[in-house]
Amino acid sequence: MKRSVLVLLALFQFMLIFCPARADVSVSMRLDREEATIADSISMVVSIAGARESDSPPVFKGMEDLDVTQGGTSSRFEVINGQVNSGIDYTFFLQPKKTGTFEIGPVEVTVDGKTYRSNTATLTVVKQPESSGTDRGPLFLTARLSSIKVYVEEQSIYTLKLYHQTRVSNISLDLPEIEHLTFRQLGKPIEYQSFYNGRSYDVVEVRYALIPSEEGICGIEPSRMKMTVAQPMRRSHRGFFDDPFFSFSTGRTMAVISEPLELNVLPLPGKGKPSDFSGLVGNFKINSKLEPNKIKAGESATLTVLVSGSGNVNRIPDLKWPEPDHIKIYADEPVLKVKEDAKGLSGSKTMKWALVPEKEGRYKISPLTLNFFDTKAHRYREIETSRLSFSVLPGEVKQIQASTDYSNGQKIEGHVKKAVKELGHDILPIHTSIKDLGKGSIVRPGGLVFWFVFIGPFFIYAVVFLGLKLGKKSDRSLATLTAKKAAKKFIRKCRQDGLSSSDLALSFRTYLNERFDLSLGSLTSEEAAEILKSEGADLDTARKIQSILKGLEDAVYTGKGQKACALGEGASQLVRQIEKEIR
Amino acid sequence: MKRSICVSIAIFLMVCFLGPDIIALQTSEPEELFFSSNQAYRQGRFQEAIDGYSRLIRSGHKDGNLYYNLGNAYFRLDQLGRAILNYERARLLIPGDADLNFNLSYARDKTHDAVSESQDLVGMTFFWLKDLSLGELLWGFAVLNLLFWTALLIRLFFKFEWTYYACLISMILWIIAGTSFGLKWYQLNTNNRAVILEQEVNILAGPDIRDTLLFKLHAGTIVHYERSEDGWSLVSLPDKRSKNRGWVKAEAVEPVIKETFLNKCIIPSMRNP
């Protein structure tokens with residue numbers, strides 16, 4: 001056992017050392033939360049994928065206002081579908097020195113002499129919540145709105161935090177149901193440690209984007225969170241099973257509610273409202289590009305317009321493009337990507353058009369415009385794409401015509417395929433081949449050949465099958481008849497009065513010869529038993545026969561062979577038994 | 001003597017049983033008629049071509065190509081309904097013919113009514129049925145029948161693993177081919193598709209000219225024929241979602257298959273082609 005464990009460990013070590021790690025090295029960094037109080041300690045994990053070690057510890061940027069303490073290091077090694085993935089995670093704890101918003105990172109890591117950079121993250125540090133003067137106990141729920149005054153369709157972040165000092169599980173949340181107010185969860189709940197009123201708590205934080213659809217004062221009723229709170233079992237003395245590993249604790253269902261809040265929903269101003277306003281509220285930008293900007297007539301260029309920003313991104317309209325002269329436009333299906341993170345809803349919509357100019361020349365693309373209500377500037381804004389243009393060279397057809405004139409010395413560089421254009425419509429001609437004029441096929445349903453083809457193979461099979469079966473049956477019946485005859489003859493012999501031992505032994509030998517089609521001149525008791533066993537007789541029966549024959553042999557070889565023996569009845573019964581067993 | 005008697009009996013039996021199955025004797029008359037009809041078609045005498053092809057069909061030369069040519073001739077005479085009717089009949093015999101499918105598709109495009117035929121589950125599962133004729137399925141089944149029983153016969157003597165798999169595979173194919181043949185036979189026997197022949201026909205609520213006009217159909221539209229009464233035929237639209245059905249004058253519509261299919265050796269009978 002110990003040896004096998006050692007072998008496994010050695011194998012694992014061997015894999016760690018010699019298995020090629022994934023060639024791509026990448027560095028990423030993540031914080032356990034994006035907002036913390038000044039008293040909190042924020043966990044930061046720097047993950048290096050594709051390497052088992054770095055040349056030096058990670059180097060940070062943007063840490064001037066934070067104290068950094070190293071938490072530990074852990075290695076990862078996994079083999080998935082034959083692909084070896086390894087990595088190392090460095091954990092650090094950040095302690096803010098002051099309030100504010102900090103851009104953390106990028107983190108620089110050197111692996112095999114090459115420096116890799118991670119992403120950056122934003123951390124907002126706020127003051128500690130003012131003490132209410134009352135101790136809120138070991139378990140409570142708080143709710144907060146990022147903004148208490150919003151416009152219709154503008155999002156406000158509703159943050160629920162469960163502070164607990166005891167272990168909780170099976171957490172469920174009942175959100176208030178409010179008309180004209182939509183809750184959209186932003187990411188998964190996060191867990192971290194924080195301080196409240198000078199006490200340390202474990203915190204579960206969950207965020208929702210609240211999107212009002214009507215103006216007015218909107219009361220947000222308390223949210224209710226239910227959970228099972230662990231209560232360790234009290235024992236008179238601490239025993240082996242009191243170890244936390246065995247989790248012998250009872251749970252009590254508890255519910256906590258958050259404080260009620262109020263949201264003031266302002267209407268969108270009527271002043272300056274564009275006539276074609278789509279209802280887009282937030283902060284957006286628009287970008288466009290045209291590729292390539294030099295093509296031949298008949299070829300296509302792709303115009304891409306990207307509208308991105310934060311707010312009600314699902315209201316980004318599909319932009320329409322007026323078809324200019326001599327350009328055919330083919331619109332692609334727009335692609336909407338919505339991102340839900342701690343900051344709220346954001347996303348982008350990508351729209352593409354294929355522009356196919358029919359004539360050569362220089363074409364200008366008129367800008368596309370988009371209206372939205374800017375919640376930061378508190379006014380309507382119109383954004384537009386940049387002015388684009390592209391050049392169209394003469395098409396391939398003209399080139400070919402020109403190039404056919406070899407006197408110009410031009411060369412045909414390539415052949416452009418075009419879609420087949422239908423110039424006329426008509427039916428295809430009649431069939432005139434004489435072989436088409438048949439009067440039917442050789443085989444007709446119901447004809448002799450038809451039935452021969454269908455029934456013939458089955459009939460042949462049936463005949464051969466029955467023939468084989470009958471043949472086997474006749475062989476078997478002949479053998480059965482012979483066996484019956486031999487047994488009858490032997491039993492009749494056994495019934496004779498005054499049957500001597502030598503006669504009985506001779507009769508048995510004759511029975512075996514006839515029964516199994518043998519030609520034995522002499523027969524020992526062992527041989528008889530072997531024959532019977534090989535033919536399928538029961539082992540016990542064979543032994544009994546062997547013992548009777550042994551008795552007969554002893555009588556014959558001790559000079560008592562001519563004397564009448566009493567074994568006939570037993571022998572005849574055994575032969576009947578043999579006949580039953582060997583069928 | 002005995003031998004000559006045996007030979008005579010064998011010849012007699014062959015004449016009696018195989019005689020009807022052997023390809024019809026090639027006589028010059030049908031060939032001439034076929035060629036002259038083709039010639040008439042090429043020279044634009046389409047009615048003459050129609051008469052020729054129809055005579056050949058009535059005389060028993062029920063060939064898919066004849067129906068195809070007849071359809072072409074009707075098409076040239078702008079009789080779209082009869083053209084589609086004959087293309088449909090040709091499709092029962094030569095469903096895989098590319099020319100036929102092209103012409104039928106083209107003729108269908110020219111019809112006025114947007115009536116689609118819904119495909120059933122059997123048709124979707126046995127998708128190859130529409131591209132194979134009953135004769136082709138019959139031959140396919142015959143070959144697989146021979147293969148299957150031969151494989152079983154071999155297995156009687158050689159009980160090897162390969163004979164087991166050969167039996168299994170040939171049995172699966174045999175079942176598929178047999179089911180396909182049976183389904184095609186059933187489809188043809190229950191085929192009640194009919195074609196509107198006149199340019200425009202009124203579909204009425206009852207078999208009387210004074211009955212309410214329900215809707216109108218145009219030449220070439222496929223309908224389902226249900227029954228006839230006093231010179232009127234009850235038809236319905238093939239789209240299963242549509243409940244539209246009504247009575248139309250019998251001469252304005254003609255079923256693609258008029259009598260029991262197999263009784264006429266896979267050849268639909270014609271009333272007035």
# chains A, B, ... in the order shown; residues from 1 in each chain; ligands from 1
$ residues_around --residues "Ala301 of chain A" --least-positions-apart "6" --cutoff "7 Å" --atoms "only C-alpha atoms" --output "PyMOL selection string"
chain A and resi 290-292+354-356
$ select_by_dssp --residues "segment 115-286 of chain A" --states "strand (DSSP E or B)" --output "PyMOL selection string"
chain A and resi 115-117+121-126+139-145+149-151+156-164+168-174+181-185+190-196+199-212+216-220+224-232+249-257+261-266+281-286
$ atom_distance --atom1 "atom CA of Ser28 of chain A" --atom2 "atom CA of Ser118 of chain A"
4.7 Å
$ residues_around --residues "Ser169 of chain A" --least-positions-apart "6" --cutoff "8 Å" --atoms "only C-alpha atoms" --output "ChimeraX atom specification"
/A:227-230
$ interface_residues --of "chain B" --to "chain A" --cutoff "9 Å" --atoms "only C-alpha atoms" --output "JSON, numbers by chain"
{"B": [17, 18, 20, 21, 22, 23, 24, 30, 31, 34, 35, 38, 41, 42, 60, 61, 62, 63, 64, 65, 66, 68, 69, 70, 72, 73, 75, 99, 100, 102, 103, 104, 106, 107, 135, 138, 139, 141, 142, 143, 145, 146, 147, 148, 149, 150, 152, 153, 156, 262, 265, 266]}
$ write_last_selection --atoms "N, CA and C atoms" --output "compact mmCIF listing (two decimals), in the first residue's frame"
# COMPACT_ATOMS: atom_id res chain seq x y z
N PHE B 17 -45.88 -19.16 -68.83
CA PHE B 17 -45.65 -18.34 -67.62
C PHE B 17 -44.78 -17.12 -67.87
N LEU B 18 -43.69 -17.32 -68.58
CA LEU B 18 -42.77 -16.21 -68.76
C LEU B 18 -43.19 -15.30 -69.91
N PRO B 20 -45.85 -13.51 -70.75
CA PRO B 20 -46.37 -12.16 -70.47
C PRO B 20 -45.34 -11.27 -69.82
N ASP B 21 -44.31 -11.90 -69.22
CA ASP B 21 -43.34 -11.09 -68.50
C ASP B 21 -42.21 -10.60 -69.39
N ILE B 22 -42.02 -11.23 -70.47
CA ILE B 22 -40.92 -10.82 -71.34
C ILE B 22 -41.32 -9.54 -72.06
N ILE B 23 -40.32 -8.72 -72.30
CA ILE B 23 -40.58 -7.43 -72.96
C ILE B 23 -41.43 -7.65 -74.20
N ALA B 24 -42.34 -6.74 -74.36
CA ALA B 24 -43.25 -6.87 -75.50
C ALA B 24 -42.49 -6.91 -76.81
N PRO B 30 -45.52 1.29 -83.09
CA PRO B 30 -45.38 2.26 -82.01
C PRO B 30 -44.16 3.17 -82.19
N GLU B 31 -43.09 2.56 -82.69
CA GLU B 31 -41.88 3.36 -82.90
C GLU B 31 -42.13 4.47 -83.90
N PHE B 34 -44.21 7.09 -82.38
CA PHE B 34 -43.40 7.87 -81.43
C PHE B 34 -42.54 8.90 -82.17
N PHE B 35 -41.89 8.41 -83.24
CA PHE B 35 -41.02 9.31 -84.01
C PHE B 35 -41.82 10.42 -84.67
N ASN B 38 -42.80 12.96 -82.12
CA ASN B 38 -41.64 13.80 -81.80
C ASN B 38 -41.41 14.84 -82.90
N TYR B 41 -43.89 17.54 -82.73
CA TYR B 41 -43.57 18.45 -81.61
C TYR B 41 -42.50 19.45 -82.05
N ARG B 42 -41.47 18.91 -82.71
CA ARG B 42 -40.35 19.77 -83.12
C ARG B 42 -40.80 20.82 -84.13
N GLY B 60 -51.09 0.97 -74.39
CA GLY B 60 -50.39 0.18 -73.36
C GLY B 60 -48.95 0.57 -73.15
N HIS B 61 -48.41 1.50 -73.91
CA HIS B 61 -47.02 1.93 -73.72
C HIS B 61 -46.98 3.00 -72.63
N LYS B 62 -47.17 2.54 -71.41
CA LYS B 62 -47.27 3.51 -70.30
C LYS B 62 -45.88 3.75 -69.73
N ASP B 63 -45.23 4.66 -70.36
CA ASP B 63 -43.85 4.96 -70.02
C ASP B 63 -43.78 6.39 -69.48
N GLY B 64 -42.95 6.60 -68.48
CA GLY B 64 -42.82 7.93 -67.89
C GLY B 64 -42.40 8.98 -68.89
N ASN B 65 -41.57 8.58 -69.86
CA ASN B 65 -41.09 9.54 -70.86
C ASN B 65 -42.20 9.99 -71.79
N LEU B 66 -43.17 9.10 -72.03
CA LEU B 66 -44.31 9.48 -72.88
C LEU B 66 -45.15 10.54 -72.17
N TYR B 68 -44.07 12.54 -69.95
CA TYR B 68 -43.25 13.75 -69.91
C TYR B 68 -43.40 14.53 -71.23
N ASN B 69 -43.28 13.80 -72.34
CA ASN B 69 -43.41 14.46 -73.66
C ASN B 69 -44.81 15.05 -73.83
N LEU B 70 -45.81 14.31 -73.35
CA LEU B 70 -47.19 14.78 -73.44
C LEU B 70 -47.36 16.07 -72.63
N ASN B 72 -45.01 18.21 -71.97
CA ASN B 72 -44.33 19.28 -72.72
C ASN B 72 -45.24 19.84 -73.82
N ALA B 73 -45.91 18.94 -74.55
CA ALA B 73 -46.77 19.36 -75.65
C ALA B 73 -47.94 20.21 -75.13
N PHE B 75 -47.89 21.92 -72.44
CA PHE B 75 -47.30 23.19 -71.96
C PHE B 75 -47.16 24.18 -73.12
N ASP B 99 -34.80 16.26 -66.09
CA ASP B 99 -35.56 17.11 -67.03
C ASP B 99 -36.99 17.27 -66.53
N LEU B 100 -37.55 16.16 -66.11
CA LEU B 100 -38.94 16.18 -65.65
C LEU B 100 -39.09 17.09 -64.43
N PHE B 102 -37.23 19.52 -63.52
CA PHE B 102 -37.03 20.92 -63.90
C PHE B 102 -38.32 21.48 -64.52
N ASN B 103 -38.87 20.74 -65.48
CA ASN B 103 -40.07 21.23 -66.17
C ASN B 103 -41.27 21.33 -65.24
N LEU B 104 -41.39 20.34 -64.35
CA LEU B 104 -42.52 20.38 -63.41
C LEU B 104 -42.39 21.58 -62.48
N TYR B 106 -40.85 24.32 -63.13
CA TYR B 106 -41.08 25.52 -63.93
C TYR B 106 -42.58 25.73 -64.16
N ALA B 107 -43.26 24.63 -64.46
CA ALA B 107 -44.71 24.73 -64.69
C ALA B 107 -45.43 25.13 -63.40
N GLY B 135 -41.27 0.70 -59.07
CA GLY B 135 -40.50 -0.34 -59.76
C GLY B 135 -39.07 -0.41 -59.23
N LEU B 138 -39.09 -1.89 -55.89
CA LEU B 138 -39.37 -3.33 -56.02
C LEU B 138 -38.10 -4.10 -56.34
N TRP B 139 -37.34 -3.57 -57.29
CA TRP B 139 -36.09 -4.23 -57.67
C TRP B 139 -35.10 -4.21 -56.51
N PHE B 141 -35.76 -4.13 -53.38
CA PHE B 141 -36.21 -5.09 -52.37
C PHE B 141 -35.91 -6.53 -52.83
N ALA B 142 -36.09 -6.78 -54.14
CA ALA B 142 -35.83 -8.12 -54.67
C ALA B 142 -34.36 -8.50 -54.47
N VAL B 143 -33.48 -7.56 -54.77
CA VAL B 143 -32.04 -7.83 -54.63
C VAL B 143 -31.70 -8.09 -53.16
N ASN B 145 -33.72 -9.03 -50.87
CA ASN B 145 -34.40 -10.28 -50.48
C ASN B 145 -33.50 -11.47 -50.78
N LEU B 146 -32.93 -11.43 -51.99
CA LEU B 146 -32.01 -12.49 -52.41
C LEU B 146 -30.78 -12.53 -51.50
N LEU B 147 -30.26 -11.35 -51.21
CA LEU B 147 -29.06 -11.26 -50.36
C LEU B 147 -29.35 -11.80 -48.96
N PHE B 148 -30.48 -11.41 -48.41
CA PHE B 148 -30.84 -11.79 -47.06
C PHE B 148 -30.97 -13.31 -46.91
N TRP B 149 -31.74 -13.91 -47.82
CA TRP B 149 -31.95 -15.36 -47.71
C TRP B 149 -30.67 -16.13 -48.04
N THR B 150 -29.85 -15.55 -48.93
CA THR B 150 -28.56 -16.20 -49.23
C THR B 150 -27.67 -16.16 -47.98
N LEU B 152 -28.66 -16.05 -44.92
CA LEU B 152 -29.20 -17.01 -43.95
C LEU B 152 -28.81 -18.44 -44.32
N LEU B 153 -28.85 -18.70 -45.62
CA LEU B 153 -28.49 -20.04 -46.12
C LEU B 153 -27.03 -20.35 -45.81
N LEU B 156 -26.48 -21.28 -42.27
CA LEU B 156 -26.88 -22.64 -41.89
C LEU B 156 -25.68 -23.57 -41.88
N LEU B 262 -51.78 -0.67 -58.50
CA LEU B 262 -51.09 -1.91 -58.84
C LEU B 262 -51.87 -2.76 -59.83
N CYS B 265 -50.48 -2.22 -63.15
CA CYS B 265 -49.03 -2.37 -63.30
C CYS B 265 -48.29 -1.05 -63.18
N ILE B 266 -48.55 -0.35 -62.12
CA ILE B 266 -47.84 0.88 -61.80
C ILE B 266 -48.14 1.98 -62.80
$ residues_around --residues "Val203 of chain A" --least-positions-apart "3" --cutoff "7 Å" --atoms "only C-alpha atoms" --output "list of chain:residue names"
A:Lys161, A:Leu162, A:Tyr163, A:His164, A:Glu191, A:Tyr192, A:Gln193, A:Ser194
